[in-house]
Every structure is written in structure tokens, then in C-alpha cells.
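Trainee: Sharing input05.cif below, mmCIF, C-alpha atoms:
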data_coords
loop_
_atom_site.label_atom_id
_atom_site.label_comp_id
_atom_site.auth_asym_id
_atom_site.auth_seq_id
_atom_site.Cartn_x
_atom_site.Cartn_y
_atom_site.Cartn_z
CA LEU R 1 -8.08 -5.51 13.83
CA THR R 2 -7.50 -1.83 13.02
CA VAL R 3 -6.65 0.99 15.43
CA ASN R 4 -6.26 4.74 14.90
CA LEU R 5 -2.92 6.27 15.83
CA ARG R 6 -3.09 9.70 17.42
CA ARG R 7 0.59 10.50 17.67
CA LEU R 8 3.97 8.85 17.78
CA PHE R 9 6.76 9.89 20.09
CA SER R 10 10.45 9.53 19.33
CA SER R 11 12.08 8.94 22.66
CA SER R 12 14.86 6.90 24.21
CA SER R 13 12.66 5.88 27.11
CA PRO R 14 8.97 5.18 27.78
CA SER R 15 6.69 7.47 29.68
CA SER R 16 7.73 8.12 33.27
CA ASN R 17 4.01 8.06 34.15
CA THR R 18 4.21 4.28 34.38
CA GLY R 19 6.04 4.56 37.68
CA HIS R 20 8.78 2.25 36.37
CA GLN R 21 12.45 2.99 36.42
CA LEU R 22 13.46 4.35 33.01
CA PRO R 23 15.14 1.68 30.84
CA THR R 24 18.47 1.58 29.15
CA THR R 25 18.57 3.66 25.98
CA THR R 26 17.26 1.83 22.93
CA THR R 27 18.41 2.11 19.32
CA CYS R 28 16.58 1.31 16.08
CA ARG R 29 18.30 0.05 12.94
CA LEU R 30 17.70 -2.14 9.90
CA ALA R 31 18.14 -5.86 10.46
CA GLN R 32 21.48 -7.22 9.29
CA PHE R 33 21.45 -10.60 7.58
CA PRO R 34 22.88 -13.12 8.24
CA ASN R 35 24.39 -11.66 11.46
CA ASP R 36 21.01 -11.10 13.14
CA THR R 37 19.48 -14.37 11.97
CA PRO R 38 20.25 -16.57 15.03
CA THR R 39 18.72 -14.00 17.39
CA LEU R 40 15.66 -13.38 15.20
CA GLN R 41 15.11 -17.10 14.75
CA ARG R 42 15.35 -17.78 18.49
CA ILE R 43 12.96 -14.98 19.47
CA HIS R 44 10.49 -15.83 16.70
CA LYS R 45 10.23 -19.42 17.95
CA THR R 46 9.32 -18.27 21.47
CA TYR R 47 7.18 -15.28 20.54
CA SER R 48 5.25 -16.75 17.58
CA GLU R 49 5.89 -20.41 16.76
CA ASP R 50 5.25 -21.62 20.31
CA ARG R 51 2.23 -19.33 20.85
CA PHE R 52 0.16 -19.51 17.67
CA VAL R 53 -1.50 -22.15 15.53
CA GLY R 54 -0.65 -21.85 11.83
CA CYS R 55 2.57 -19.91 12.38
CA ILE R 56 5.37 -20.81 9.96
CA VAL R 57 8.31 -22.64 11.55
CA ARG R 58 11.30 -20.73 10.20
CA SER R 59 14.68 -22.30 9.59
CA GLU R 60 17.93 -20.37 9.36
CA ARG R 61 17.87 -20.87 5.61
CA TYR R 62 14.31 -19.49 5.43
CA TRP R 63 15.40 -16.32 7.24
CA ASN R 64 18.48 -15.79 5.08
CA GLU R 65 17.21 -16.83 1.67
CA TYR R 66 13.56 -15.77 1.76
CA LEU R 67 12.84 -13.20 4.46
CA ALA R 68 16.11 -11.30 3.96
CA LYS R 69 15.13 -10.72 0.32
CA GLU R 70 11.40 -10.26 0.94
CA ILE R 71 11.48 -7.76 3.83
CA GLY R 72 15.19 -7.13 4.47
CA ASP R 73 14.95 -3.50 3.34
CA SER R 74 12.05 -2.76 5.71
CA LEU R 75 12.72 -4.95 8.75
CA PHE R 76 13.77 -2.77 11.69
CA VAL R 77 15.08 -3.99 15.04
CA VAL R 78 15.31 -2.33 18.46
CA THR R 79 18.49 -3.03 20.39
CA THR R 80 19.17 -2.47 24.07
CA ILE R 81 21.78 -3.29 26.69
CA ARG R 82 20.87 -6.35 28.73
CA ARG R 83 20.25 -5.61 32.40
CA PRO R 84 21.33 -8.00 35.16
CA PRO R 85 18.22 -9.94 36.21
CA SER R 86 18.98 -9.83 39.94
CA TYR R 87 21.14 -8.02 42.46
CA GLN R 88 22.84 -8.61 45.77
CA THR R 89 22.56 -5.85 48.35
CA THR R 90 25.17 -5.59 51.10
CA THR R 91 24.75 -3.22 54.04
CA THR R 92 27.77 -2.30 56.17
CA GLN R 93 28.64 0.21 58.87
CA ASP R 94 31.50 2.66 58.35
CA ASP R 95 33.74 4.16 61.06
CA GLU R 96 31.18 6.89 61.79
CA ASP R 97 28.34 4.40 62.17
CA SER R 98 26.77 5.49 58.88
CA THR R 99 24.98 2.86 56.79
CA VAL R 100 26.60 2.09 53.43
CA THR R 101 24.59 0.04 50.93
CA THR R 102 26.28 -1.50 47.88
CA THR R 103 24.30 -3.07 45.05
CA THR R 104 26.09 -5.46 42.67
CA PRO R 105 24.98 -8.07 40.11
CA ASP R 106 24.37 -11.55 41.46
CA ASP R 107 27.44 -13.80 41.09
CA ASN R 108 25.30 -16.28 39.14
CA ASN R 109 25.06 -13.72 36.34
CA LYS R 110 28.67 -12.49 36.33
CA ASN R 111 29.42 -14.15 32.99
CA ASP R 112 26.52 -12.47 31.17
CA ASP R 113 27.23 -9.66 28.72
CA TYR R 114 25.86 -6.35 29.99
CA THR R 115 27.70 -4.11 27.50
CA THR R 116 26.81 -5.31 24.00
CA PRO R 117 23.52 -4.13 22.41
CA VAL R 118 21.14 -7.02 21.73
CA ILE R 119 17.89 -7.25 19.77
CA VAL R 120 14.75 -6.94 21.91
CA ALA R 121 12.10 -6.47 19.17
CA TRP R 122 11.59 -6.04 15.44
CA MET R 123 8.95 -4.89 12.96
CA ALA R 124 8.15 -4.55 9.28
CA ILE R 125 5.09 -2.76 7.87
CA ARG R 126 3.48 -2.30 4.47
CA THR R 127 0.56 -0.43 2.93
CA ARG R 128 -2.54 -2.52 2.36
CA ALA R 129 -6.03 -1.42 1.27
CA GLY R 130 -5.49 2.20 2.28
CA LEU R 131 -3.97 1.55 5.70
CA TYR R 132 -0.73 0.35 7.25
CA GLN R 133 -0.37 -3.34 8.05
CA LEU R 134 1.89 -4.94 10.62
CA ARG R 135 3.72 -7.32 8.32
CA GLU R 136 6.19 -8.76 10.81
CA PHE R 137 6.72 -8.38 14.56
CA GLY R 138 8.47 -10.08 17.44
CA VAL R 139 9.63 -9.36 20.99
CA ASP R 140 12.13 -10.98 23.33
CA THR R 141 9.63 -10.92 26.19
CA GLU R 142 12.16 -12.01 28.83
CA LEU R 143 14.57 -9.22 27.92
CA ALA R 144 11.79 -6.65 27.52
CA THR R 145 10.46 -7.49 31.00
CA ARG R 146 13.92 -7.33 32.54
CA ASN R 147 14.61 -3.92 30.95
CA GLN R 148 11.06 -2.68 31.65
CA LEU R 149 10.28 -2.07 27.96
CA SER R 150 6.57 -2.41 27.25
CA THR R 151 5.18 -3.67 23.96
CA ALA R 152 3.51 -0.28 23.42
CA PHE R 153 6.83 1.52 23.77
CA LEU R 154 8.65 -0.89 21.43
CA VAL R 155 5.90 -0.67 18.79
CA SER R 156 5.91 3.14 18.89
CA GLU R 157 9.70 3.29 18.48
CA LEU R 158 9.71 0.83 15.58
CA LEU R 159 6.63 2.26 13.87
CA THR R 160 8.01 5.79 13.88
CA VAL R 161 11.27 4.68 12.23
CA ALA R 162 9.51 2.36 9.76
CA LEU R 163 7.10 5.08 8.57
CA GLU R 164 9.86 7.63 8.21
CA HIS R 165 12.09 5.18 6.34
CA ASN R 166 9.38 4.41 3.82
CA GLN R 167 8.56 8.14 3.46
CA MET R 168 4.96 7.31 4.25
CA LEU R 169 4.67 10.37 6.48
CA SER R 170 6.90 13.37 7.07
CA THR R 171 9.09 13.72 10.13
CA ASP R 172 7.02 16.70 11.32
CA GLN R 173 3.85 14.60 11.23
CA LEU R 174 5.42 11.73 13.15
CA ARG R 175 7.52 13.48 15.77
CA CYS R 176 5.36 15.57 18.06
CA ALA R 177 6.84 17.59 20.87
CA SER R 178 4.92 16.99 24.06
CA SER R 179 4.04 20.25 25.77
CA GLU R 180 1.66 21.35 28.49
CA GLY R 181 -1.93 20.84 27.52
CA GLY R 182 -0.95 18.35 24.81
CA GLY R 183 -0.08 21.03 22.26
CA GLY R 184 1.65 19.92 19.09
CA ASP R 185 -0.22 16.65 18.70
CA TYR R 186 -0.72 15.31 15.20
CA GLU R 187 -4.43 14.56 15.17
CA ASP R 188 -4.96 13.30 11.61
CA SER R 189 -5.98 9.67 11.59
CA ILE R 190 -3.35 7.05 10.84
CA LYS R 191 -4.76 3.53 10.66
CA LEU R 192 -2.76 0.46 11.57
CA HIS R 193 -3.99 -3.09 10.94
CA LEU R 194 -2.55 -5.72 13.27
CA PRO R 195 -3.45 -9.14 14.72
CA HIS R 196 -5.72 -9.21 17.76
CA PRO R 197 -3.10 -10.93 20.01
CA ILE R 198 -0.90 -7.85 19.54
CA ILE R 199 -3.86 -5.59 20.32
CA ASP R 200 -4.30 -7.59 23.52
CA GLU R 201 -0.65 -6.99 24.44
CA LEU R 202 -1.02 -3.26 23.84
CA GLN R 203 -3.95 -3.19 26.28
CA THR R 204 -2.16 -4.79 29.22
CA ASN R 205 -1.40 -2.83 32.38
CA ASP R 206 2.32 -2.84 31.55
CA CYS R 207 1.57 -0.65 28.52
CA LYS R 208 -0.38 2.03 30.40
CA GLY R 209 1.34 5.37 29.95
CA ASP R 210 3.29 4.14 26.91
CA ASP R 211 0.20 3.73 24.71
CA ASN R 212 -0.85 7.39 24.40
CA TRP R 213 -0.01 7.30 20.68
CA ILE R 214 -3.07 5.05 20.15
CA ASP R 215 -6.48 6.69 19.93
CA TRP R 216 -8.40 4.10 21.95
CA LYS R 217 -11.47 6.37 22.03
CA ALA R 218 -11.86 5.96 18.27
CA GLY R 219 -12.50 2.28 18.87
CA ILE R 220 -11.13 -0.87 17.28
CA VAL R 221 -12.40 -2.00 13.90
CA SER R 222 -12.61 -5.77 13.52
CA LYS R 223 -11.89 -7.24 10.10
CA ASP R 224 -10.76 -10.81 10.51
CA ASP R 225 -9.17 -12.66 7.61
CA THR R 226 -11.11 -15.91 7.16
CA GLY R 227 -9.67 -16.71 3.75
CA TRP R 228 -7.09 -19.28 4.82
CA MET R 229 -7.65 -22.85 3.63
CA TYR R 230 -5.93 -25.85 5.22
CA LYS R 231 -5.47 -29.47 4.23
CA PHE R 232 -5.06 -31.73 7.28
CA PHE R 233 -2.87 -34.79 6.99
CA SER R 234 -2.77 -37.69 9.44
CA SER R 235 -0.39 -40.58 9.93
CA ASP R 236 -1.19 -44.22 10.62
CA ASP R 237 2.23 -44.71 12.19
CA ASP R 238 1.90 -45.98 15.76
CA ASP R 239 5.06 -44.08 16.67
CA ASP R 240 3.63 -40.79 15.49
CA ASP R 241 4.02 -38.15 18.20
CA ASP R 242 1.05 -36.15 16.91
CA ASP R 243 -1.38 -35.77 19.80
CA VAL R 244 -4.16 -34.24 17.70
CA PRO R 245 -7.37 -36.31 17.90
CA SER R 246 -8.39 -37.93 14.63
CA ASN R 247 -11.69 -36.03 14.57
CA VAL R 248 -9.93 -32.63 14.42
CA ARG R 249 -10.19 -31.62 10.80
CA ASP R 250 -10.50 -27.83 10.73
CA MET R 251 -8.55 -24.88 12.12
CA THR R 252 -11.23 -23.87 14.62
CA HIS R 253 -11.09 -27.28 16.29
CA LEU R 254 -7.30 -27.24 16.18
CA MET R 255 -7.20 -23.86 17.95
CA GLU R 256 -9.57 -25.19 20.60
CA HIS R 257 -7.48 -28.33 21.01
CA TYR R 258 -4.20 -26.45 21.57
CA LYS R 259 -5.88 -23.45 23.24
CA LYS R 260 -3.90 -21.09 21.02
CA ASP R 261 -4.74 -18.22 18.68
CA HIS R 262 -4.35 -18.54 14.93
CA LEU R 263 -1.75 -16.29 13.32
CA ILE R 264 0.20 -16.23 10.07
CA TRP R 265 2.44 -13.21 9.66
CA PRO R 266 1.90 -11.45 6.32
CA SER R 267 5.62 -11.75 5.62
CA ASP R 268 5.04 -15.53 5.34
CA SER R 269 2.21 -15.13 2.80
CA PHE R 270 3.44 -16.51 -0.50
#
Give the structure from this file in C-alpha cells form.
Mentor:
Amino acid sequence: LTVNLRRLFSSSSPSSNTGHQLPTTTTCRLAQFPNDTPTLQRIHKTYSEDRFVGCIVRSERYWNEYLAKEIGDSLFVVTTIRRPPSYQTTTTQDDEDSTVTTTTPDDNNKNDDYTTPVIVAWMAIRTRAGLYQLREFGVDTELATRNQLSTAFLVSELLTVALEHNQMLSTDQLRCASSEGGGGDYEDSIKLHLPHPIIDELQTNDCKGDDNWIDWKAGIVSKDDTGWMYKFFSSDDDDDDDDVPSNVRDMTHLMEHYKKDHLIWPSDSF
């Protein structure tokens, strides 16, 4: 699916119009292999491998020996400081009968690291058929939810840095100062091609207020890739754990069986 991008903001926090408390400052940088590999591998399993049919199961070696060379110079990550997931609130009375409320992290989380930046999302893009294609993407959804970072905010942060890095657009075109009346917007059309599950994420209520860089009024252009061919193999082993019925022999039936979307990231296209 393809969407038009109206403007991209460079900001350390999402729009305050969401009504959410502003998150910890985020930072974008290039991925560092092999140091980032364990984190990327863990998040990719949860975000992609467990959610989609057809998604490549990536080993540590695959990340370090293939992806690091294939997209290592264009794979950007967003880091943030992990927030405590819960708090204890204690209310006491001082000598003057005033109420004093103290909020501290729950003791169950006292051993967690709340000072070291950790990866919350990543992205790589490329040019394809006259538009920009989301080549690689992933989000630590648990951390993003805890830190109140929407998918729309994370995509806008990563996309801005990725486009600037590749000199696809100038800084002036990408960074638009928000002023009263919306002055300073960059209105020329920028087209981004991305999988429909990501489009669905960008349209959730959590993204409202952080998605103003997408021109939803221009509509979404559907152009599904139906060119994948699969060869299904089955085993006669009685101990085989495969729970796929023997009559499932095409991807459509497999998607229906598992109730999952089909997705292969372009970075895994050989």
C-alpha cells in the first residue's frame, strides 16, 4: 500500500494533542553490529516472526553476516530510556497536617535498568519504482506502550533521519517548523510504500495526533505483491509437530489456517 506524506517533524516527543504524558527523549542512530544484534533479533521475533506468515526466521548469524552487510549502512534505530512499568504511591501527613504524596517505582522492578538507552524501533528504506519503500521495520511494542511512543511517532522520527542520511530530500524539505495556521508545511507529495499491517498500525487511536505527517485525505493506493511462489513440504513422521492440515497447499489457505497476515520484508528478498 502507498501513502502520501505531507510533512515530517523532527521532534524529541510526539504531539501533545494526544493527551498523553510526553515520553522520554528519543535518539536516532545507525544500527551497530554485532552489538545490537541480540536486541534486534528478539524484537523481530515478537514483532514479525510471531505475527506474520512467510516471515523469515532470523538467526544471529543471519543478522550479522547477511543483514549487516545488506542494509547495515541504512538501518536506523530509535533508542529511549526504559520507564518503570508501575509505581507505588504513598500518602502521609506532615506536622502541619498537609498531605505529602511520594511516587516511587514498584519494588518488583527495582533491578531493572532505567538509565541506559535501549532500542525501541528500527527502519531501513530504499527507492523503488519512483517511490520510497519500507525495506525493514520493527518495534518493541511493550516498551513503546510503556513509554507512550506511538508507531506514527516512531516512523516519523526514523523516516526523517533515513531520508536525510540518503540525501533523498534536503533538510529544509523534511524539517518543517510548525506555526500558527500550519505555515511552513512542505506540501509536495512524497510517496511511501509499506505493508498494510503497518498502515493498520498507523491508523489506530494511539497514533492520533502523531500522524499529521501523513496526508490521509489523498487516500491509500493499493498495489499488493502477488508474485511470491511457495513450495509446500509435508512430513509423514508421526512425531511431526506440524499442525497444518494436509489439504493446505497454498499461502491463502495457510493464512486462513493461522489467522495471520502474509509479510516478507524486502530486506529478506534474495
Trainee: Hey, can you check how far atom CA of Gly54 of chain R sits from atom CA of Ile198 of chain R?
Mentor: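 One can read the atom CA of Gly54 of chain R to atom CA of Ile198 of chain R distance as 16.0 Å.
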Trainee: Please list as a list in words every residue within 9 Å of Gly138 of chain R, counting only C-alpha atoms and excluding residues in the same chain fewer than 2 positions away.
Mentor: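 Listing them by chain and then by number gives Leu40, Ile43, His44, Tyr47, Ser48, Val120, Ala121, Trp122, Met123, Glu136, Asp140 and Thr141 of chain R.
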Trainee: How many Å separate atom CA of Phe137 of chain R from atom CA of Asp200 of chain R?
Mentor: 14.2 Å
Trainee: Any idea what the distance is between atom CA of Ala144 of chain R and atom CA of Ala218 of chain R?
Mentor: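 Between atom CA of Ala144 of chain R and atom CA of Ala218 of chain R the gap works out to 28.4 Å.
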Trainee: As a PyMOL selection string, please: the residues near segment 151-157 of chain R (cut-off 6 Å, all atoms listed in the file, same-chain neighbours under 6 positions excluded).
Mentor: chain R and resi 14+202+207+210-211
Trainee: Give me the residues within 10 Å of Thr37 of chain R as JSON, numbers by chain, counting all atoms listed in the file and dropping any in the same chain fewer than 2 places off.
Mentor: {"R": [31, 32, 33, 34, 35, 39, 40, 41, 42, 43, 59, 60, 61, 62, 63, 64, 68]}
Trainee: Output, as lines of an AutoDock Vina configuration file, the centre and edge lengths in Å (one decimal) of the axis-aligned box that contains all listed atoms of segment 209-217 of chain R with 6 Å of margin on each side.
Mentor:
center_x = -4.1
center_y = 5.6
center_z = 24.9
size_x = 26.8
size_y = 15.7
size_z = 22.0
